[in-house]
Every structure is written in structure tokens, then in C-alpha cells.
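S.K.: Got a structure for you, target32.cif, holding mmCIF, C-alpha atoms.
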data_coords
loop_
_atom_site.label_atom_id
_atom_site.label_comp_id
_atom_site.auth_asym_id
_atom_site.auth_seq_id
_atom_site.Cartn_x
_atom_site.Cartn_y
_atom_site.Cartn_z
CA LYS A 294 178.83 -127.08 77.33
CA ALA A 295 179.88 -123.56 78.36
CA TYR A 296 178.89 -122.12 74.95
CA LYS A 297 175.49 -123.79 75.10
CA LYS A 298 174.92 -122.46 78.63
CA LEU A 299 175.88 -118.93 77.59
CA TYR A 300 173.63 -119.05 74.53
CA GLY A 301 170.72 -120.20 76.69
CA ASP A 302 171.23 -117.16 78.90
CA LEU A 303 171.57 -114.87 75.87
CA VAL A 304 168.17 -116.05 74.63
CA ALA A 305 166.45 -116.06 78.04
CA ASN A 306 167.64 -112.53 78.85
CA LYS A 307 167.87 -111.12 75.33
CA GLN A 308 166.72 -107.60 76.21
CA VAL A 309 169.29 -107.24 78.99
CA TRP A 310 172.10 -108.64 76.86
CA MET A 311 171.27 -106.46 73.85
CA HIS A 312 171.37 -103.39 76.08
CA PHE A 313 174.81 -104.54 77.27
CA PHE A 314 176.15 -105.30 73.79
CA GLN A 315 175.12 -101.89 72.43
CA ARG A 316 177.60 -100.34 74.87
CA ASN A 317 180.40 -102.90 74.73
CA GLN A 318 181.97 -103.32 71.31
CA THR A 319 184.71 -105.81 72.20
CA HIS A 320 182.39 -108.07 74.21
CA THR A 321 179.99 -108.12 71.26
CA GLY A 322 182.80 -109.19 68.94
CA ASP A 323 183.92 -111.91 71.37
CA THR A 324 180.36 -113.25 71.62
CA CYS A 325 180.19 -113.45 67.82
CA LEU A 326 183.17 -115.84 67.93
CA ILE A 327 181.44 -117.99 70.56
CA LEU A 328 178.20 -118.18 68.54
CA GLU A 329 180.24 -119.09 65.47
CA GLN A 330 181.69 -122.13 67.26
CA LEU A 331 178.24 -123.15 68.48
CA ALA A 332 176.78 -122.81 64.96
CA HIS A 333 179.55 -125.04 63.60
CA ILE A 334 178.77 -127.69 66.23
CA TYR A 335 175.04 -127.66 65.48
CA SER A 336 175.63 -127.78 61.71
CA ALA A 337 178.00 -130.75 62.06
CA ARG A 338 175.33 -132.58 64.08
CA GLY A 339 172.58 -131.66 61.61
CA LYS A 340 170.59 -129.84 64.33
CA TRP A 341 169.35 -127.19 61.94
CA ASP A 342 166.59 -125.74 64.15
CA ASP A 343 169.13 -124.99 66.87
CA CYS A 344 171.61 -123.76 64.26
CA ALA A 345 169.05 -121.35 62.76
CA GLY A 346 168.46 -119.75 66.16
CA VAL A 347 172.18 -119.27 66.74
CA LEU A 348 172.66 -117.79 63.25
CA GLU A 349 169.84 -115.28 63.80
CA TYR A 350 171.35 -114.10 67.09
CA TRP A 351 174.83 -114.02 65.55
CA GLU A 352 173.63 -111.81 62.68
CA ALA A 353 172.02 -109.40 65.16
CA LEU A 354 175.35 -109.05 66.99
CA ILE A 355 177.23 -108.47 63.73
CA ASP A 356 174.82 -105.58 63.00
CA ILE A 357 175.57 -104.12 66.43
CA VAL A 358 179.33 -104.41 65.81
CA ARG A 359 178.93 -102.53 62.51
CA LYS A 360 176.82 -99.76 64.11
CA LEU A 361 179.28 -99.33 66.99
CA ASN A 362 182.12 -99.23 64.48
CA LEU A 363 180.53 -96.16 62.86
CA SER A 364 180.00 -94.33 66.15
CA HIS A 365 182.41 -91.79 67.64
CA SER A 366 182.67 -93.84 70.83
CA LYS A 367 184.04 -96.96 69.13
CA GLN A 368 186.88 -98.67 71.00
CA TYR A 369 188.51 -100.40 68.00
CA ASP A 370 188.06 -100.67 64.25
CA LEU A 371 186.27 -104.02 63.93
CA SER A 372 185.20 -103.67 60.28
CA CYS A 373 187.54 -106.48 59.23
CA MET A 374 186.27 -108.75 62.01
CA ALA A 375 182.64 -107.95 61.08
CA ASP A 376 183.18 -108.82 57.40
CA HIS A 377 184.89 -112.12 58.19
CA SER A 378 182.30 -113.01 60.82
CA GLU A 379 179.36 -112.26 58.52
CA HIS A 380 180.99 -114.22 55.69
CA ARG A 381 181.35 -117.31 57.90
CA CYS A 382 177.78 -116.85 59.17
CA LYS A 383 176.42 -116.77 55.61
CA LEU A 384 178.45 -119.85 54.62
CA ILE A 385 176.83 -121.87 57.42
CA GLN A 386 173.41 -120.48 56.47
CA HIS A 387 174.03 -121.53 52.87
CA GLU A 388 175.00 -125.03 54.02
CA MET A 389 171.86 -125.23 56.18
CA HIS A 390 169.53 -124.39 53.29
CA GLU A 391 171.27 -126.96 51.08
CA ALA A 392 170.96 -129.64 53.78
CA LEU A 393 167.25 -128.87 54.23
CA GLY A 394 166.63 -129.18 50.49
CA ARG A 395 165.83 -125.47 50.11
CA PRO A 396 168.49 -124.08 47.73
CA ASP A 397 165.93 -121.47 46.64
CA LEU A 398 166.42 -119.72 50.01
CA ASN A 399 170.07 -119.13 49.15
CA ALA A 400 169.43 -116.39 46.57
CA PRO A 401 169.90 -113.46 49.02
CA VAL A 402 172.58 -115.42 50.91
CA LEU A 403 174.64 -115.90 47.74
CA ARG A 404 174.30 -112.21 46.86
CA GLN A 405 175.61 -111.24 50.28
CA LEU A 406 178.52 -113.69 50.08
CA ILE A 407 179.58 -112.27 46.71
CA ARG A 408 179.30 -108.70 48.06
CA LEU A 409 181.40 -109.56 51.11
CA GLU A 410 184.08 -111.26 49.01
CA ARG A 411 184.57 -107.99 47.14
CA SER A 412 185.54 -106.29 50.39
CA PRO A 413 189.25 -105.45 50.81
CA ASN A 414 189.03 -107.32 54.13
CA LEU A 415 188.41 -110.63 52.36
CA GLN A 416 190.93 -110.39 49.55
CA GLY A 417 192.75 -113.50 50.78
CA ILE A 418 190.07 -115.90 49.49
CA PRO A 419 191.34 -117.69 46.32
CA GLU A 420 189.29 -116.82 43.23
CA SER A 421 188.73 -120.51 42.46
CA ILE A 422 186.59 -120.97 45.59
CA GLN A 423 184.89 -117.59 45.66
CA ASN A 424 181.10 -117.61 45.40
CA LYS A 425 181.28 -115.34 42.32
CA THR A 426 183.19 -118.15 40.55
CA ASN A 427 180.61 -120.68 41.77
CA TRP A 428 177.77 -118.48 40.51
CA ASP A 429 179.35 -118.19 37.06
CA ARG A 430 179.45 -122.02 36.89
CA PHE A 431 175.84 -122.27 38.07
CA ALA A 432 174.62 -119.73 35.52
CA GLU A 433 176.49 -121.47 32.70
CA MET A 434 175.05 -124.85 33.72
CA TYR A 435 171.54 -123.39 33.83
CA GLN A 436 171.86 -121.80 30.40
CA THR A 437 172.86 -125.15 28.86
CA THR A 438 170.21 -127.30 30.60
CA ALA A 439 167.11 -125.12 31.04
CA SER A 440 164.58 -124.57 28.28
CA ILE A 441 163.97 -120.93 29.25
CA LYS A 442 167.18 -118.90 29.24
CA LEU A 443 168.12 -116.20 31.74
CA PRO A 444 167.87 -112.55 30.67
CA SER A 445 171.43 -112.17 31.98
CA THR A 446 174.09 -114.28 33.70
CA SER A 447 175.13 -111.41 35.98
CA ILE A 448 173.67 -111.96 39.45
CA GLU A 449 173.37 -108.18 39.94
CA ARG A 450 170.95 -107.96 36.99
CA LEU A 451 168.73 -110.86 38.05
CA SER A 452 165.85 -110.94 40.49
CA ASP A 453 165.93 -113.20 43.56
CA GLU A 454 163.32 -115.33 41.77
CA ASP A 455 165.64 -115.91 38.79
CA VAL A 456 168.62 -116.60 41.05
CA ALA A 457 166.53 -119.11 43.01
CA LYS A 458 165.59 -120.91 39.76
CA VAL A 459 169.27 -121.28 38.91
CA LEU A 460 170.13 -122.63 42.37
CA VAL A 461 167.27 -125.14 42.34
CA LYS A 462 168.14 -126.35 38.82
CA THR A 463 171.86 -126.74 39.53
CA ALA A 464 171.08 -128.59 42.80
CA GLU A 465 168.96 -131.07 40.81
CA VAL A 466 171.71 -131.55 38.21
CA SER A 467 174.37 -131.99 40.90
CA LYS A 468 172.24 -134.58 42.65
CA SER A 469 171.80 -136.53 39.40
CA VAL A 470 175.55 -136.47 38.72
CA LYS A 471 176.26 -137.62 42.25
CA SER A 472 173.83 -140.52 41.86
CA ALA A 473 175.36 -141.51 38.53
CA PHE A 474 178.95 -141.47 39.81
CA PRO A 475 178.78 -142.36 43.53
CA GLN A 476 182.33 -143.72 43.60
CA PHE A 477 183.69 -140.31 42.59
CA PHE A 478 182.05 -138.56 45.55
CA GLN A 479 182.58 -141.38 48.04
CA GLY A 480 185.88 -140.04 49.31
CA ILE A 481 184.53 -136.49 49.66
CA ASP A 482 181.45 -137.64 51.59
CA ALA A 483 183.53 -139.94 53.80
CA SER A 484 185.86 -137.08 54.69
CA LYS A 485 182.96 -134.81 55.65
CA THR A 486 181.28 -137.60 57.65
CA LYS A 487 184.52 -138.15 59.54
CA GLN A 488 184.79 -134.45 60.35
CA ASP A 489 181.14 -134.24 61.46
CA ALA A 490 181.56 -137.34 63.62
CA LYS A 491 184.03 -135.44 65.79
CA MET A 492 181.19 -133.07 66.73
CA SER A 493 178.57 -135.78 67.28
CA LEU A 494 177.29 -136.59 70.75
CA LEU A 495 177.80 -140.20 71.85
CA SER A 496 175.54 -142.61 73.75
CA CYS A 497 176.36 -144.89 76.66
CA ALA A 498 177.02 -148.43 75.37
CA TYR A 499 175.07 -149.88 78.33
CA CYS A 500 172.09 -147.66 79.20
CA GLY A 501 171.86 -145.67 75.95
CA LYS A 502 171.88 -142.25 77.60
CA ASP A 503 173.11 -139.46 75.31
CA GLU A 504 175.84 -137.15 76.52
CA SER A 505 174.80 -133.52 76.98
CA TYR A 506 178.16 -132.16 75.81
CA LEU A 507 181.21 -133.46 73.95
CA GLY A 508 183.47 -135.61 76.10
CA GLU A 509 180.98 -136.15 78.93
CA LEU A 510 181.01 -139.94 78.56
CA LYS A 511 184.23 -141.83 79.17
CA LYS A 512 185.80 -144.26 76.68
CA CYS A 513 186.69 -147.85 77.46
CA THR A 514 190.41 -147.65 78.28
CA ARG A 515 191.06 -150.89 76.44
CA CYS A 516 189.40 -150.52 73.01
CA LYS A 517 188.92 -146.71 73.04
CA GLU A 518 185.61 -147.14 71.17
CA ALA A 519 182.74 -147.90 73.58
CA VAL A 520 181.72 -145.08 75.95
CA TYR A 521 179.96 -145.20 79.31
CA CYS A 522 178.25 -142.86 81.77
CA ASN A 523 180.31 -144.10 84.70
CA ARG A 524 182.11 -147.12 86.11
CA GLU A 525 178.81 -148.74 87.14
CA CYS A 526 177.56 -148.75 83.53
CA GLN A 527 180.91 -150.04 82.30
CA LEU A 528 180.92 -152.97 84.76
CA ALA A 529 177.28 -153.83 83.99
CA GLY A 530 177.95 -153.75 80.24
CA TRP A 531 181.21 -155.68 80.35
CA PRO A 532 179.75 -159.19 79.75
CA SER A 533 178.26 -158.09 76.39
CA HIS A 534 181.12 -155.75 75.47
CA LYS A 535 183.94 -158.18 76.31
CA LYS A 536 183.85 -159.98 72.96
CA ASP A 537 183.82 -156.77 70.86
CA CYS A 538 186.47 -155.23 73.08
CA ASN A 539 188.83 -158.16 72.49
CA LYS A 540 188.29 -157.88 68.72
CA SER A 541 189.09 -154.18 68.77
CA LYS A 542 192.27 -154.65 70.74
CA LYS A 543 195.27 -154.50 68.43
CA PRO A 544 197.48 -157.57 68.61
CA LYS A 545 200.89 -156.99 70.04
CA LYS A 546 203.78 -157.11 67.61
CA PRO A 547 205.90 -160.22 68.08
CA LYS A 548 209.23 -159.58 69.65
CA LYS A 549 212.23 -159.99 67.42
CA PRO A 550 214.40 -162.93 68.41
CA LYS A 551 217.61 -161.97 70.04
CA LYS A 552 220.68 -162.58 67.98
CA SER A 553 222.92 -165.21 69.53
CA LYS A 554 226.39 -164.06 70.22
CA ASN A 555 229.10 -166.31 68.81
CA LYS A 556 231.69 -167.02 71.40
#
Please rewrite the model in this file as C-alpha cells.

M.R.:
Amino acid sequence: KAYKKLYGDLVANKQVWMHFFQRNQTHTGDTCLILEQLAHIYSARGKWDDCAGVLEYWEALIDIVRKLNLSHSKQYDLSCMADHSEHRCKLIQHEMHEALGRPDLNAPVLRQLIRLERSPNLQGIPESIQNKTNWDRFAEMYQTTASIKLPSTSIERLSDEDVAKVLVKTAEVSKSVKSAFPQFFQGIDASKTKQDAKMSLLSCAYCGKDESYLGELKKCTRCKEAVYCNRECQLAGWPSHKKDCNKSKKPKKPKKPKKSKNK
């Protein structure tokens, strides 16, 4: 709730805030961390329009951090923070384009991710999950499935148009494989759904009102599943919830019989 309120003020008074950030390096870095959390929340909920706005603002602040880092008046060396922050920003942007069915938009994003992962500040990322490794797999898959071959498999030697073709083709192949073997991906999808559910807003079980921030509605103290706006909604909804609530309640374990003492 606090992050959303701050972001609303950042957007409403963008000119004032940008003037402030250009003179306050540490505050700019702290705000990047806040926008990162907000972008994660929006991406988990699938609110991509809101997420896109946060990502755009976040990128602008990362640029300010980098410029301040080059100035003589810099307070701290935040080059490492800027690289890590931009890398996480691009990962969410990449996820957003995939979710929207626009892998073609990820050509410049993938280039930037690979460039960032070559930075000494990001040397801790295992090679097996680096985007350069992913690209090599994509290019190899494209070369074996497409009728027209690439002039090169090196992403540095390809145009954004060629990179986009590879990303679109591999997305189609991955979708086909996923459809052919749904049981293989079931566990992966279930795990992601469970993680995203933790960020999802809930609705009152009686009146249907959505909460405006996580944790606003209160859970039924008995079943811990149904949520309500207040006690009035809970009392009004009890007649219909009673049956489900009793089903959800875990049965008590039977007590072990006491051993009789032989006199």
C-alpha cells in the first residue's frame, strides 16, 4: 500500500521528483529498490499495464544513478547497485513481453541482459542460467527448425529483426512442446502459480469487494481460507460459509489411551 501510494505521487509530481533525484544519489537508489518490489507485485498479478509504467520510471531512475555515479559530486560508488538493478528490471520486462505474447519485443532486452551479465558486478550468476547460454540454445533450435538459416549465431552479429525471428520461432516451438507434454511442465507451472498467488489480491467472501492492498481483508479464524471486509460481512456470510468452514477444519487427532498401571 505504501509503495503504491509513493509511486502515485512520483507519477503525479514527476517533474518535482526528478529534480530531487538528480541531486540525491542515495535516495534515487533507494527508490529503485521500492519500484522493483512494486514491479514484482504487478508482474505476479499479471497487471502488465501497471507494471510497464513502473518499469519505465525505474529505468529512468537507473539512468540518473549512473549519471550521478560519473559526476564529481557523487556520494557513493553505486555502479554495482545500478548493474544489478537494471538486470532485474530487464528480467521483469522480458517476462512481461513473454506473457503478452510479444517475444519479438525482447530482442533489445536480451542484448542488454547479455551485456550486463558480462559486467564484473554480475559475475556471481551461474553460466547455466545466463542469458548468453539461453541465446545459444535458442539459436541452435532455430537453425535446426527454420527453413532459412541465420547468417550467424552470434547475437552481436545479428540485427534486432533476426534476433526477433529467433525468439518468436523458439517461443512457438516451446509452446508446442509444452502442449505435447503437459505433465512434464505441470509441477513447474503449479509452483509459479503458488508463488504468484501470494501476491494476488483477495475478495470478500460475502460482498465480493476486492482488497486494495495485500492483507487488508481478514481471514476466517477457523478455516483460515475465507476472507472478509469486517465482522459485519463475516456474520452476514456465516450461514453460507458454515458448511465449507466445517469441511476445511482439520479433524483433531484422537488422544492416545492412557496406559493402565499394574498394581

S.K.: How far is it from atom CA of A:Ser447 to atom CA of A:Thr463, in Å with one decimal?

M.R.: 16.1 Å

S.K.: On this file, the PyMOL selection byres ((chain A and resi 420-429) around 8) gives some set of residues; write that set as number ranges by chain.

M.R.: A: 403, 406-407, 410, 418-419, 430-433, 446, 448

S.K.: So the first atom is atom CA of A:Gly339 and the second is atom CA of A:Cys516; what is the distance between them in Å, to one decimal place?

M.R.: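 Value for the atom CA of A:Gly339-atom CA of A:Cys516 distance: 27.7 Å.
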
S.K.: Name the closest residue to A:Leu415 among the candidates A:Ser372, A:Cys382, A:Thr437, A:Leu398; distances are taken between atoms, counting only C-alpha atoms.

M.R.: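 Of A:Ser372, A:Cys382, A:Thr437, A:Leu398, the one nearest A:Leu415 is A:Ser372, counting only C-alpha atoms.
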
S.K.: Identify which of the residues A:Ala457, A:Leu303, A:Val358, A:Ile385 lies closest to A:Leu371, counting all atoms listed in the file when measuring atom-to-atom distances.

M.R.: A:Val358

S.K.: The PyMOL selection byres ((chain A and resi 361) around 12) - which residues does that actually catch in the file I just gave you? List them as number ranges by chain.

M.R.: A: 314-322, 354-360, 362-372, 375

S.K.: Grab all the atoms of stretch 383-397 of chain A that the file lists, wrap them in a box along x, y and z, add 8 Å per side, and give me centre plus edge lengths in Å (one decimal) as JSON.

M.R.:
{"center_x": 172.1, "center_y": -123.2, "center_z": 52.0, "size_x": 28.6, "size_y": 28.9, "size_z": 26.8}

S.K.: Could you tell me, as an MDAnalysis selection string, which residues have any atom at most 10 Å from (176.4, -122.4, 74.7), counting all atoms listed in the file?

M.R.: chainID A and resid 294:303 327:328 330:332 347 506

S.K.: Would you export the selected residues with C-alpha atoms as an mmCIF file, in the coordinates of the input, please?

M.R.:
data_model
loop_
_atom_site.group_PDB
_atom_site.id
_atom_site.type_symbol
_atom_site.label_atom_id
_atom_site.label_comp_id
_atom_site.auth_asym_id
_atom_site.auth_seq_id
_atom_site.Cartn_x
_atom_site.Cartn_y
_atom_site.Cartn_z
ATOM 1 C CA LYS A 294 178.830 -127.080 77.330
ATOM 2 C CA ALA A 295 179.880 -123.560 78.360
ATOM 3 C CA TYR A 296 178.890 -122.120 74.950
ATOM 4 C CA LYS A 297 175.490 -123.790 75.100
ATOM 5 C CA LYS A 298 174.920 -122.460 78.630
ATOM 6 C CA LEU A 299 175.880 -118.930 77.590
ATOM 7 C CA TYR A 300 173.630 -119.050 74.530
ATOM 8 C CA GLY A 301 170.720 -120.200 76.690
ATOM 9 C CA ASP A 302 171.230 -117.160 78.900
ATOM 10 C CA LEU A 303 171.570 -114.870 75.870
ATOM 11 C CA ILE A 327 181.440 -117.990 70.560
ATOM 12 C CA LEU A 328 178.200 -118.180 68.540
ATOM 13 C CA GLN A 330 181.690 -122.130 67.260
ATOM 14 C CA LEU A 331 178.240 -123.150 68.480
ATOM 15 C CA ALA A 332 176.780 -122.810 64.960
ATOM 16 C CA VAL A 347 172.180 -119.270 66.740
ATOM 17 C CA TYR A 506 178.160 -132.160 75.810
#

S.K.: Please provide the set of residues having any atom within 10 Å of A:Ser445, restricted to only C-alpha atoms, with same-chain residues fewer than 3 positions apart removed, written as a ChimeraX atom specification.

M.R.: /A:432,436,442,448-451,455

S.K.: Which one of A:Gly417, A:Ala498, A:Ala345, A:Val402 sits closest to A:Ser533 if you count all atoms listed in the file?

M.R.: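 So, comparing all the options, the nearest one is A:Ala498.
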
S.K.: Name all residues at most 10 Å from A:Leu495 (count all atoms listed in the file; drop same-chain ones fewer than 6 positions away) and give them as a PyMOL selection string.

M.R.: chain A and resi 501-511+519-521

S.K.: Hey, can you check how far atom CA of A:Glu454 sits from atom CA of A:Arg404?

M.R.: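 These two atoms are separated by 12.5 Å.
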
S.K.: Between A:Leu528, A:Ile441, A:Cys373, A:Met311, single out the one closest to A:Thr324, counting all atoms listed in the file.

M.R.: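 That would be A:Met311, the residue with the smallest distance to A:Thr324.
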
S.K.: Using all atoms listed in the file, which of the listed residues (A:His390, A:Trp310, A:Lys383, A:Ser440) sits closest to A:Asp342?

M.R.: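 Nearest to A:Asp342: A:His390.
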
S.K.: Which is closer to A:Tyr335 than all the others in A:Leu494, A:Tyr350, A:Trp531, A:Val466, using all atoms listed in the file?

M.R.: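 Nearest to A:Tyr335: A:Leu494.
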